[in-house]
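*Asks:* Supplied structure: protein.txt, compact mmCIF, C-alpha atoms.
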# COMPACT_ATOMS: atom_id res chain seq x y z
CA MET B 1 86.25 -41.41 -35.83
CA LYS B 2 85.82 -43.82 -32.93
CA THR B 3 83.56 -46.82 -33.37
CA LEU B 4 81.22 -48.22 -30.79
CA PRO B 5 81.84 -51.71 -29.37
CA LYS B 6 80.61 -54.42 -31.74
CA TYR B 7 77.97 -55.69 -29.35
CA TRP B 8 76.66 -52.26 -28.32
CA THR B 9 73.01 -53.35 -28.48
CA LEU B 10 73.66 -56.43 -26.35
CA ILE B 11 75.75 -54.41 -23.88
CA SER B 12 72.97 -51.78 -23.67
CA ILE B 13 70.32 -54.41 -23.00
CA ALA B 14 72.51 -56.03 -20.35
CA VAL B 15 73.10 -52.66 -18.64
CA LEU B 16 69.38 -51.89 -18.67
CA LEU B 17 68.50 -55.34 -17.30
CA LEU B 18 71.05 -54.96 -14.51
CA ALA B 19 69.73 -51.47 -13.78
CA ALA B 20 66.14 -52.74 -13.64
CA GLY B 21 67.25 -55.58 -11.35
CA TRP B 22 69.02 -53.12 -9.05
CA ILE B 23 65.89 -50.92 -8.90
CA ALA B 24 63.74 -53.95 -8.02
CA PHE B 25 66.26 -55.24 -5.46
CA THR B 26 66.67 -51.88 -3.73
CA ALA B 27 62.90 -51.30 -3.69
CA ARG B 28 62.68 -54.14 -1.15
CA THR B 29 64.76 -52.16 1.32
CA ALA B 30 63.24 -48.69 1.18
CA PRO B 31 64.79 -46.39 3.80
CA GLN B 32 62.73 -45.74 6.92
CA GLY B 33 63.07 -42.03 6.44
CA THR B 34 64.01 -39.45 9.02
CA GLN B 35 60.75 -37.54 9.38
CA GLY B 36 59.15 -37.70 12.81
CA ARG B 37 61.89 -39.96 14.21
CA ILE B 38 65.25 -38.27 14.54
CA PRO B 39 65.52 -34.74 15.92
CA ALA B 40 68.02 -32.63 13.99
CA PRO B 41 68.08 -29.01 12.75
CA GLN B 42 67.87 -29.94 9.08
CA PRO B 43 65.03 -30.20 6.55
CA GLY B 44 63.60 -33.71 6.58
CA PHE B 45 64.13 -34.21 10.33
CA LEU B 46 62.01 -33.74 13.44
CA ALA B 47 62.46 -30.23 14.87
CA PRO B 48 64.42 -30.56 18.15
CA ASP B 49 62.19 -29.78 21.12
CA PHE B 50 62.87 -26.96 23.57
CA THR B 51 61.20 -24.94 26.29
CA LEU B 52 61.93 -21.23 26.55
CA ALA B 53 60.68 -18.28 28.57
CA THR B 54 58.64 -15.68 26.74
CA LEU B 55 59.35 -11.99 26.99
CA ASP B 56 56.12 -11.48 28.97
CA GLY B 57 57.13 -13.95 31.68
CA GLY B 58 55.44 -17.15 30.48
CA SER B 59 57.06 -20.19 28.93
CA LEU B 60 56.50 -22.12 25.74
CA ARG B 61 57.41 -25.63 24.61
CA LEU B 62 57.74 -26.30 20.89
CA SER B 63 56.22 -29.80 21.00
CA GLU B 64 53.03 -28.36 22.56
CA LEU B 65 52.36 -26.68 19.22
CA ARG B 66 52.18 -30.02 17.38
CA GLY B 67 49.24 -29.89 14.94
CA LYS B 68 50.06 -26.33 13.87
CA PRO B 69 52.69 -25.14 11.40
CA VAL B 70 55.41 -23.10 13.07
CA LEU B 71 57.82 -20.49 11.74
CA LEU B 72 60.82 -20.48 14.09
CA ASN B 73 63.03 -17.43 13.69
CA PHE B 74 66.31 -16.75 15.51
CA TRP B 75 67.10 -13.05 15.79
CA ALA B 76 68.80 -10.26 17.77
CA SER B 77 67.90 -6.58 18.13
CA TRP B 78 71.29 -5.43 16.77
CA CYS B 79 71.03 -7.60 13.62
CA ALA B 80 70.12 -5.43 10.62
CA PRO B 81 68.60 -8.19 8.40
CA CYS B 82 66.53 -9.38 11.42
CA LYS B 83 65.15 -5.86 11.80
CA ALA B 84 64.42 -5.66 8.08
CA GLU B 85 62.39 -8.88 7.91
CA MET B 86 60.36 -8.46 11.12
CA PRO B 87 57.66 -6.16 9.64
CA ALA B 88 56.96 -8.72 6.88
CA MET B 89 56.82 -11.48 9.49
CA GLN B 90 54.31 -9.45 11.50
CA ARG B 91 52.13 -8.87 8.42
CA VAL B 92 52.22 -12.55 7.50
CA TYR B 93 51.43 -13.53 11.09
CA ALA B 94 48.46 -11.13 11.22
CA GLU B 95 47.10 -12.61 8.01
CA TYR B 96 47.62 -16.31 8.72
CA ARG B 97 47.30 -16.54 12.52
CA ASP B 98 43.62 -17.49 12.28
CA ALA B 99 44.50 -20.20 9.75
CA GLY B 100 46.71 -21.82 12.39
CA LEU B 101 50.16 -20.32 11.83
CA THR B 102 52.40 -19.78 14.85
CA ILE B 103 55.53 -17.64 14.69
CA LEU B 104 58.14 -18.08 17.42
CA ALA B 105 60.84 -15.42 17.41
CA VAL B 106 63.74 -16.68 19.52
CA ASN B 107 65.88 -13.79 20.66
CA ALA B 108 69.58 -14.70 20.96
CA THR B 109 69.56 -13.11 24.42
CA HIS B 110 73.06 -14.33 25.24
CA GLN B 111 74.25 -11.95 22.50
CA ASP B 112 71.60 -9.30 23.22
CA THR B 113 69.78 -7.83 26.23
CA LEU B 114 66.24 -8.42 27.46
CA SER B 115 65.57 -4.69 27.52
CA ALA B 116 66.75 -4.22 23.91
CA ALA B 117 64.69 -7.21 22.75
CA GLY B 118 61.60 -5.90 24.58
CA ALA B 119 62.01 -2.39 23.21
CA PHE B 120 62.47 -3.77 19.70
CA ALA B 121 59.28 -5.88 19.90
CA ALA B 122 57.25 -3.01 21.36
CA ASP B 123 58.58 -0.48 18.87
CA ARG B 124 57.61 -2.67 15.91
CA GLY B 125 54.31 -3.82 17.38
CA LEU B 126 55.19 -7.53 17.18
CA THR B 127 52.29 -9.66 18.41
CA PHE B 128 53.80 -13.13 18.02
CA PRO B 129 55.60 -14.76 20.97
CA ILE B 130 59.15 -13.54 21.59
CA LEU B 131 61.21 -16.23 23.32
CA THR B 132 64.44 -15.55 25.18
CA ASP B 133 67.40 -17.88 24.65
CA VAL B 134 69.34 -16.59 27.65
CA ASP B 135 72.13 -19.17 27.68
CA GLY B 136 72.25 -19.78 23.92
CA SER B 137 71.39 -23.47 24.34
CA THR B 138 68.47 -23.41 21.90
CA GLY B 139 70.57 -21.65 19.26
CA ALA B 140 73.24 -24.31 19.81
CA LEU B 141 70.60 -27.07 19.58
CA TYR B 142 69.58 -25.68 16.18
CA LYS B 143 73.23 -25.10 15.17
CA VAL B 144 72.49 -21.45 14.42
CA ARG B 145 75.63 -19.95 12.86
CA ALA B 146 74.18 -16.73 11.52
CA LEU B 147 71.33 -14.38 12.37
CA PRO B 148 68.63 -14.42 11.26
CA THR B 149 68.07 -18.13 10.72
CA THR B 150 64.54 -19.36 10.08
CA PHE B 151 63.05 -22.85 10.21
CA PHE B 152 59.69 -23.75 8.69
CA ILE B 153 58.13 -26.59 10.69
CA ASP B 154 55.05 -28.50 9.55
CA ALA B 155 52.09 -29.53 11.70
CA ASP B 156 53.75 -32.91 12.42
CA GLY B 157 56.81 -31.18 13.86
CA ASN B 158 59.12 -31.86 10.91
CA ILE B 159 61.44 -29.21 9.49
CA VAL B 160 60.40 -28.55 5.91
CA ASP B 161 62.80 -25.76 5.03
CA MET B 162 65.56 -23.68 6.57
CA ILE B 163 66.78 -20.25 5.53
CA ILE B 164 70.12 -18.99 6.77
CA GLY B 165 70.51 -15.22 6.61
CA GLY B 166 68.14 -12.55 5.51
CA PRO B 167 66.19 -10.45 5.16
CA MET B 168 63.60 -12.80 3.72
CA SER B 169 61.31 -11.18 1.19
CA GLU B 170 57.63 -11.05 2.03
CA ALA B 171 56.76 -13.25 -0.95
CA LEU B 172 59.17 -15.94 0.24
CA LEU B 173 57.60 -15.85 3.71
CA ARG B 174 54.11 -16.06 2.26
CA ALA B 175 55.04 -18.87 -0.13
CA GLU B 176 56.64 -20.95 2.62
CA VAL B 177 53.75 -20.35 5.00
CA GLN B 178 51.13 -21.16 2.36
CA ASP B 179 52.96 -24.42 1.58
CA LEU B 180 52.93 -25.31 5.29
CA LEU B 181 49.23 -24.50 5.67
CA ASP B 182 48.35 -26.45 2.51
CA GLU B 183 49.79 -29.57 4.14
CA VAL B 184 47.67 -29.27 7.29
CA PRO B 185 45.04 -32.05 7.21
CA MET D 1 80.09 -30.07 7.27
CA LEU D 2 80.56 -26.34 6.84
CA PRO D 3 77.21 -24.75 5.92
CA THR D 4 78.39 -21.15 6.26
CA VAL D 5 81.64 -19.20 6.10
CA HIS D 6 82.22 -15.90 7.87
CA ILE D 7 84.06 -13.22 5.91
CA GLY D 8 84.25 -10.13 8.10
CA PRO D 9 80.69 -9.15 8.99
CA LEU D 10 79.26 -11.32 6.20
CA THR D 11 77.98 -14.86 6.63
CA LEU D 12 77.86 -16.66 3.31
CA PRO D 13 76.44 -20.09 2.49
CA THR D 14 79.35 -22.40 1.64
CA GLY D 15 77.21 -24.47 -0.72
CA GLY D 16 76.32 -21.43 -2.81
CA LEU D 17 79.96 -20.31 -2.99
CA ILE D 18 81.06 -23.78 -4.11
CA LEU D 19 78.38 -23.79 -6.84
CA LEU D 20 79.49 -20.35 -8.09
CA LEU D 21 83.10 -21.56 -8.15
CA ALA D 22 82.06 -24.71 -10.05
CA VAL D 23 80.21 -22.62 -12.66
CA TRP D 24 83.22 -20.34 -13.08
CA ILE D 25 85.76 -23.19 -13.39
CA GLY D 26 83.40 -25.14 -15.64
CA LEU D 27 82.88 -22.27 -18.06
CA ALA D 28 86.58 -21.36 -18.09
CA ARG D 29 87.60 -24.95 -18.89
CA ALA D 30 84.80 -25.54 -21.38
CA GLU D 31 85.66 -22.32 -23.24
CA LYS D 32 89.12 -23.76 -23.98
CA THR D 33 87.77 -27.06 -25.28
CA ALA D 34 84.70 -25.70 -27.11
CA PRO D 35 86.55 -25.30 -30.47
CA ARG D 36 87.06 -29.09 -30.58
CA ALA D 37 83.25 -29.37 -30.61
CA GLY D 38 83.07 -26.86 -33.45
CA VAL D 39 82.03 -23.91 -31.30
CA ALA D 40 84.16 -20.75 -31.19
CA PRO D 41 85.04 -19.48 -27.67
CA ASP D 42 83.02 -16.26 -28.02
CA GLN D 43 80.03 -18.19 -29.35
CA PHE D 44 80.35 -20.55 -26.39
CA TYR D 45 80.41 -17.72 -23.84
CA ASN D 46 77.41 -16.02 -25.45
CA LEU D 47 75.52 -19.32 -25.41
CA ALA D 48 76.40 -19.91 -21.74
CA LEU D 49 75.43 -16.35 -20.82
CA VAL D 50 72.07 -16.61 -22.57
CA MET D 51 71.39 -19.93 -20.82
CA ILE D 52 72.38 -18.62 -17.36
CA ILE D 53 70.29 -15.43 -17.65
CA ALA D 54 67.30 -17.24 -19.13
CA GLY D 55 67.64 -19.99 -16.52
CA LEU D 56 67.62 -17.51 -13.63
CA ILE D 57 64.62 -15.63 -15.05
CA GLY D 58 62.80 -18.91 -15.72
CA ALA D 59 63.57 -20.21 -12.23
CA ARG D 60 62.21 -17.05 -10.59
CA LEU D 61 59.11 -16.84 -12.80
CA GLY D 62 58.47 -20.55 -12.29
CA TYR D 63 58.64 -20.09 -8.53
CA ALA D 64 56.37 -17.02 -8.74
CA ALA D 65 53.85 -18.90 -10.88
CA ARG D 66 53.70 -21.69 -8.31
CA HIS D 67 53.13 -19.16 -5.50
CA LEU D 68 51.11 -16.59 -7.40
CA SER D 69 49.06 -15.27 -4.49
CA ALA D 70 52.24 -14.67 -2.44
CA PHE D 71 53.72 -12.57 -5.24
CA LEU D 72 50.46 -10.73 -5.96
CA ALA D 73 50.46 -9.64 -2.31
CA SER D 74 54.09 -8.52 -2.61
CA PRO D 75 54.89 -7.95 -6.32
CA GLY D 76 58.24 -6.24 -5.69
CA SER D 77 59.58 -9.54 -4.30
CA VAL D 78 59.89 -10.86 -7.84
CA LEU D 79 63.10 -8.79 -8.09
CA SER D 80 64.45 -9.97 -4.72
CA LEU D 81 67.99 -11.37 -4.74
CA SER D 82 66.85 -14.31 -2.59
CA ALA D 83 68.26 -17.56 -3.95
CA GLN D 84 65.52 -19.53 -2.20
CA MET D 85 62.86 -18.22 -4.57
CA LEU D 86 64.08 -20.18 -7.57
CA SER D 87 62.46 -23.26 -9.08
CA SER D 88 65.34 -25.42 -10.32
CA PHE D 89 63.14 -27.52 -12.61
CA ASP D 90 61.74 -24.48 -14.40
CA GLY D 91 65.17 -22.86 -14.54
CA ILE D 92 66.78 -25.87 -16.22
CA LEU D 93 63.89 -26.18 -18.68
CA VAL D 94 63.98 -22.50 -19.68
CA ALA D 95 67.80 -22.50 -19.88
CA ALA D 96 67.74 -25.52 -22.21
CA LEU D 97 65.03 -23.99 -24.42
CA ALA D 98 66.87 -20.65 -24.55
CA GLY D 99 70.09 -22.49 -25.45
CA ILE D 100 68.37 -24.34 -28.31
CA VAL D 101 66.75 -21.17 -29.69
CA TYR D 102 69.98 -19.16 -29.41
CA ALA D 103 72.09 -21.91 -31.01
CA GLN D 104 69.69 -22.10 -33.96
CA ARG D 105 69.65 -18.31 -34.39
CA VAL D 106 73.44 -18.00 -34.52
CA LYS D 107 73.73 -21.27 -36.45
CA ILE D 108 75.69 -23.33 -33.91
CA PRO D 109 74.94 -27.03 -34.48
CA LEU D 110 72.92 -28.30 -31.50
CA ALA D 111 75.02 -31.42 -31.06
CA GLY D 112 78.21 -29.32 -31.03
CA ALA D 113 76.73 -26.88 -28.52
CA ALA D 114 75.71 -29.75 -26.23
CA ASP D 115 79.21 -31.27 -26.49
CA ALA D 116 80.82 -27.90 -25.78
CA LEU D 117 78.70 -27.51 -22.62
CA ALA D 118 79.35 -31.08 -21.42
CA PRO D 119 82.64 -30.41 -19.52
CA ALA D 120 81.08 -27.39 -17.78
CA LEU D 121 78.05 -29.47 -16.77
CA ALA D 122 80.30 -32.29 -15.52
CA ILE D 123 82.29 -29.84 -13.36
CA LEU D 124 79.01 -28.36 -12.09
CA MET D 125 77.89 -31.86 -11.03
CA VAL D 126 81.10 -32.23 -8.99
CA GLY D 127 80.36 -28.82 -7.40
CA ILE D 128 76.76 -29.80 -6.58
CA HIS D 129 77.90 -32.87 -4.64
CA ILE D 130 80.67 -31.02 -2.76
CA SER D 131 78.12 -28.33 -1.96
CA ALA D 132 75.80 -31.02 -0.52
CA LEU D 133 78.69 -32.26 1.64
CA ALA D 134 79.23 -28.73 2.98
CA SER D 135 75.56 -28.18 3.80
CA GLY D 136 74.83 -31.71 5.08
CA SER D 137 72.06 -32.28 2.54
CA ALA D 138 71.65 -35.34 0.27
CA PHE D 139 72.64 -37.41 3.31
CA GLY D 140 72.99 -41.18 3.43
CA THR D 141 71.31 -44.00 5.29
CA PRO D 142 72.78 -45.18 8.60
CA THR D 143 75.68 -47.62 8.28
CA ARG D 144 78.16 -49.52 10.45
CA LEU D 145 80.84 -49.44 7.77
CA PRO D 146 84.15 -47.94 8.95
CA TRP D 147 83.91 -45.03 6.51
CA GLY D 148 80.51 -43.90 7.80
CA ILE D 149 80.40 -40.21 8.77
CA PRO D 150 78.63 -38.85 11.86
CA LEU D 151 75.77 -36.75 10.54
CA TRP D 152 72.32 -35.90 11.86
CA GLY D 153 72.42 -38.21 14.85
CA ALA D 154 73.86 -41.34 13.21
CA LEU D 155 76.85 -42.77 11.38
CA ARG D 156 75.78 -42.47 7.76
CA HIS D 157 76.95 -43.47 4.30
CA PRO D 158 78.96 -40.49 2.96
CA THR D 159 76.69 -40.34 -0.10
CA GLN D 160 77.92 -36.86 -0.97
CA LEU D 161 81.46 -38.28 -1.26
CA TYR D 162 80.30 -41.30 -3.25
CA GLU D 163 78.55 -38.94 -5.68
CA THR D 164 81.54 -36.59 -5.84
CA VAL D 165 83.87 -39.48 -6.75
CA ALA D 166 81.38 -40.72 -9.37
CA ALA D 167 81.09 -37.21 -10.84
CA LEU D 168 84.90 -36.90 -11.02
CA LEU D 169 85.16 -40.23 -12.84
CA ILE D 170 82.44 -39.12 -15.28
CA LEU D 171 84.33 -35.85 -15.82
CA LEU D 172 87.44 -37.85 -16.74
CA ALA D 173 85.44 -40.07 -19.09
CA ILE D 174 83.90 -37.19 -21.03
CA TRP D 175 86.94 -34.90 -20.97
CA PRO D 176 87.51 -33.72 -24.53
CA ARG D 177 90.81 -35.59 -24.96
CA ALA D 178 89.26 -38.86 -23.78
CA SER D 179 86.19 -38.35 -25.95
CA ALA D 180 87.99 -37.23 -29.12
CA GLY D 181 86.67 -39.06 -32.17
CA TRP D 182 83.12 -39.43 -31.00
CA ALA D 183 80.35 -38.18 -33.26
CA PRO D 184 78.85 -34.75 -32.46
CA GLY D 185 76.44 -35.03 -29.52
CA VAL D 186 77.81 -38.34 -28.23
CA ARG D 187 79.95 -36.72 -25.53
CA PHE D 188 76.87 -35.02 -24.08
CA LEU D 189 74.84 -38.25 -24.26
CA ILE D 190 77.60 -40.20 -22.51
CA LEU D 191 77.67 -37.56 -19.76
CA ALA D 192 73.89 -37.90 -19.35
CA ALA D 193 74.01 -41.72 -19.44
CA LEU D 194 76.84 -42.04 -16.90
CA THR D 195 75.28 -39.43 -14.61
CA ALA D 196 71.96 -41.30 -14.74
CA LEU D 197 73.71 -44.63 -14.08
CA ALA D 198 75.57 -43.19 -11.07
CA ARG D 199 72.35 -41.77 -9.65
CA LEU D 200 70.52 -45.04 -10.23
CA VAL D 201 73.16 -46.98 -8.26
CA LEU D 202 73.89 -44.45 -5.50
CA GLU D 203 70.28 -43.49 -4.80
CA TYR D 204 70.07 -46.72 -2.79
CA PHE D 205 72.40 -45.21 -0.17
CA ARG D 206 70.45 -41.93 0.12
CA ALA D 207 68.16 -41.46 3.11
CA ASP D 208 66.32 -38.47 1.67
CA CYS D 209 64.92 -40.16 -1.41
CA ILE D 210 61.33 -39.94 -2.58
CA THR D 211 59.75 -43.39 -2.62
CA LEU D 212 56.72 -44.40 -4.63
CA ALA D 213 54.37 -47.37 -4.38
CA GLY D 214 56.19 -50.65 -3.81
CA GLY D 215 59.25 -48.92 -2.38
CA LEU D 216 60.39 -47.76 -5.83
CA ARG D 217 62.60 -44.69 -5.71
CA ALA D 218 61.45 -41.86 -8.00
CA ALA D 219 64.99 -40.75 -8.87
CA GLN D 220 65.97 -44.29 -9.92
CA LEU D 221 63.01 -44.51 -12.31
CA ALA D 222 63.83 -41.13 -13.86
CA ALA D 223 67.50 -42.13 -14.15
CA PHE D 224 66.53 -45.43 -15.81
CA ALA D 225 64.47 -43.59 -18.44
CA ILE D 226 67.35 -41.16 -19.20
CA LEU D 227 69.83 -44.04 -19.38
CA ALA D 228 67.61 -45.99 -21.82
CA VAL D 229 67.11 -42.97 -24.11
CA CYS D 230 70.84 -42.19 -24.15
CA LEU D 231 71.85 -45.79 -24.88
CA ALA D 232 69.40 -45.84 -27.80
CA LEU D 233 70.52 -42.48 -29.23
CA ILE D 234 74.30 -42.97 -29.04
CA PRO D 235 74.58 -45.58 -31.88
CA ARG D 236 72.22 -43.54 -34.08
CA LEU D 237 74.40 -40.41 -33.77
CA GLN D 238 77.57 -42.42 -34.28
CA LYS D 239 76.16 -44.08 -37.39
CA LYS D 240 74.87 -40.80 -38.80
CA SER D 241 78.33 -39.30 -38.81
Do you think you could lay out the structure here as structure tokens?

*Replies:*
Amino acid sequence: MKTLPKYWTLISIAVLLLAAGWIAFTARTAPQGTQGRIPAPQPGFLAPDFTLATLDGGSLRLSELRGKPVLLNFWASWCAPCKAEMPAMQRVYAEYRDAGLTILAVNATHQDTLSAAGAFAADRGLTFPILTDVDGSTGALYKVRALPTTFFIDADGNIVDMIIGGPMSEALLRAEVQDLLDEVP
Amino acid sequence: MLPTVHIGPLTLPTGGLILLLAVWIGLARAEKTAPRAGVAPDQFYNLALVMIIAGLIGARLGYAARHLSAFLASPGSVLSLSAQMLSSFDGILVAALAGIVYAQRVKIPLAGAADALAPALAILMVGIHISALASGSAFGTPTRLPWGIPLWGALRHPTQLYETVAALLILLAIWPRASAGWAPGVRFLILAALTALARLVLEYFRADCITLAGGLRAAQLAAFAILAVCLALIPRLQKKS
């Protein structure tokens, strides 16, 4: 059987004192944090801003929605998981729209067609704004590697969570949205 | 950074795959060394299986309990395969409790069971940090040091690599051959103490830490408490045996 070093108690106290000193020293240089400062498509960072055309001919800028939580979903009409999660998104939008929720569904138009995206939205009775990413620049800005990809953005414009792939279950959507709305001052 | 891999029509999260691989390697290695901790291989696998299943159920129920109204509106979602709807804290708690209850029922000594699991947990820690490197999470503060990595708009401390190296060193330290001769339970406590110490030191370089009043980092305080408890328990266990 191994034996502990003779001065185990002293060594332990020394380790704990050093650890406490390190905690106190590092507390003086707390990191500035990334929220609200650096735009990047990652939880904990400011959601990168963009302006996109809507399917009905208007345009929408993300930063204009500051003060409201936003669910930003990248999708295409040929993507099976996107199709599967859209009805739940519509139900959640209908329920929480009046509480301040905005859903932006960015169609990956460079991999899709405007007519297919329009038909899809009309067929499923989607009432939230459908944005068209014609050149794929917004998808690239958000480093979207798979469809669907969904970002949950709080009222201050920070990304709180990101879900790659789908379909998202309705409970997950509701839970994420409720968390976002709970944070609204 | 490689957050997803494409296999045919499937897009899979790299982090999740790395974690699954770490669990598999960890259990396979720990099964071989479990007898040295006084736990037979089949007992070890049953224990691990009980803990994994209970942990997953606990993690899902914990998440559902925290978002009850969301699940009441969509009860079927409780069976969804979505990995996002898991509460890691609740999962770990339920897995640990299930492990304790199961070990007592089949008469595996708790200290031996904890020692048998230690190599698997150490390998899992390595997997967690590599998974963070793949997904770009657990990122560091900006730095001008030559080994800084470009991530999220700045050159940053490669905290995921620091933590991976620390986890590998801890794995070496608690590997059954290196820890032969310790009293039952000490290997597990040394794993916990070294992991807490590494977190306490490396948390300083993390940019995503939770800070409390006075700039104190929450993870450092929790790590300090774990370290203190482990340092106090180790000599007691060693003396007992």

*Asks:* Identify all chain D residues at most 8 Å from chain B by counting all atoms listed in the file; ligands do not count. Present them as a PyMOL selection string.

*Replies:* chain D and resi 4+11+13+67+70-71+73-75+77-78+80+82+84-85+141+152-153+180-183+197+200-201+204+207-208+211+214-217+220-221+224+227-228+231+235+238

*Asks:* Go through B:Ala122, B:Ala155, B:Leu10, B:Ala108 one by one, measure the shortest atom-to-atom distance of each to B:Asp182 using all atoms listed in the file, and give the residue with the smallest value.

*Replies:*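 For B:Asp182, the nearest of the given residues is B:Ala155.
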
*Asks:* Suppose you want the space between atom CA of B:Gly118 and atom CA of B:Leu55; what is it in Å?

*Replies:* 6.9 Å

*Asks:* At a cut-off of 8 Å, using all atoms listed in the file, what residues contact B:Leu72? Leave out same-chain residues fewer than 5 positions from it and give the result as a VMD selection string.

*Replies:* chain B and resid 103 to 106 150 to 153

*Asks:* By how many Å are atom CA of D:Ala30 and atom CA of D:Leu117 apart?

*Replies:*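 Distance between the two atoms: 6.5 Å.
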
*Asks:* For D:Ala219, which residue among D:Gly58, D:Ala196, D:Glu163, D:Ser69 is the nearest when counting all atoms listed in the file?

*Replies:*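 Comparing D:Gly58, D:Ala196, D:Glu163, D:Ser69 against D:Ala219, the winner is D:Ala196.
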
*Asks:* Just give me the gap between atom CA of D:Ala166 and atom CA of D:Gly140 in Å, one decimal is fine.

*Replies:*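 We find that atom CA of D:Ala166 and atom CA of D:Gly140 lie 15.3 Å from each other.
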
*Asks:* Any idea what's packed within 7 Å of D:Ala22, counting all atoms listed in the file, ignoring anything in its chain fewer than 4 positions away? Could you give it as an MDAnalysis selection string?

*Replies:* chainID D and resid 18 26 123:124 127

*Asks:* Using all atoms listed in the file, which of B:Lys143, B:Phe74, B:His110, B:Ala14 sits nearest D:Met1?

*Replies:*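 Closest candidate: B:Lys143.
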
*Asks:* Can you pull out every residue within 12 Å of B:Asp123, counting all atoms listed in the file, but drop anything in the same chain fewer than 3 positions away, and send it as JSON, numbers by chain?

*Replies:* {"B": [77, 83, 86, 87, 115, 116, 117, 118, 119, 120, 126, 127]}

*Asks:* I want to know what sits within 9 Å of D:Leu133, based on only C-alpha atoms, with residues of the same chain fewer than 5 positions away left out; could you give that as a ChimeraX atom specification?

*Replies:* /D:1-3,15,128,138-139,158-161

*Asks:* Would you pick out the contacts of D:Gly91 at 9 Å or less, using all atoms listed in the file, so that residues sharing its chain but fewer than 6 positions from it are not included, and give the list as JSON, numbers by chain?

*Replies:* {"D": [52, 54, 55, 56, 57, 58, 59, 60, 61, 62]}

*Asks:* Could you check which of B:Gly21, B:Met89, B:Phe50, B:Asn158 is closest to B:Phe128, using all atoms listed in the file?

*Replies:* B:Met89
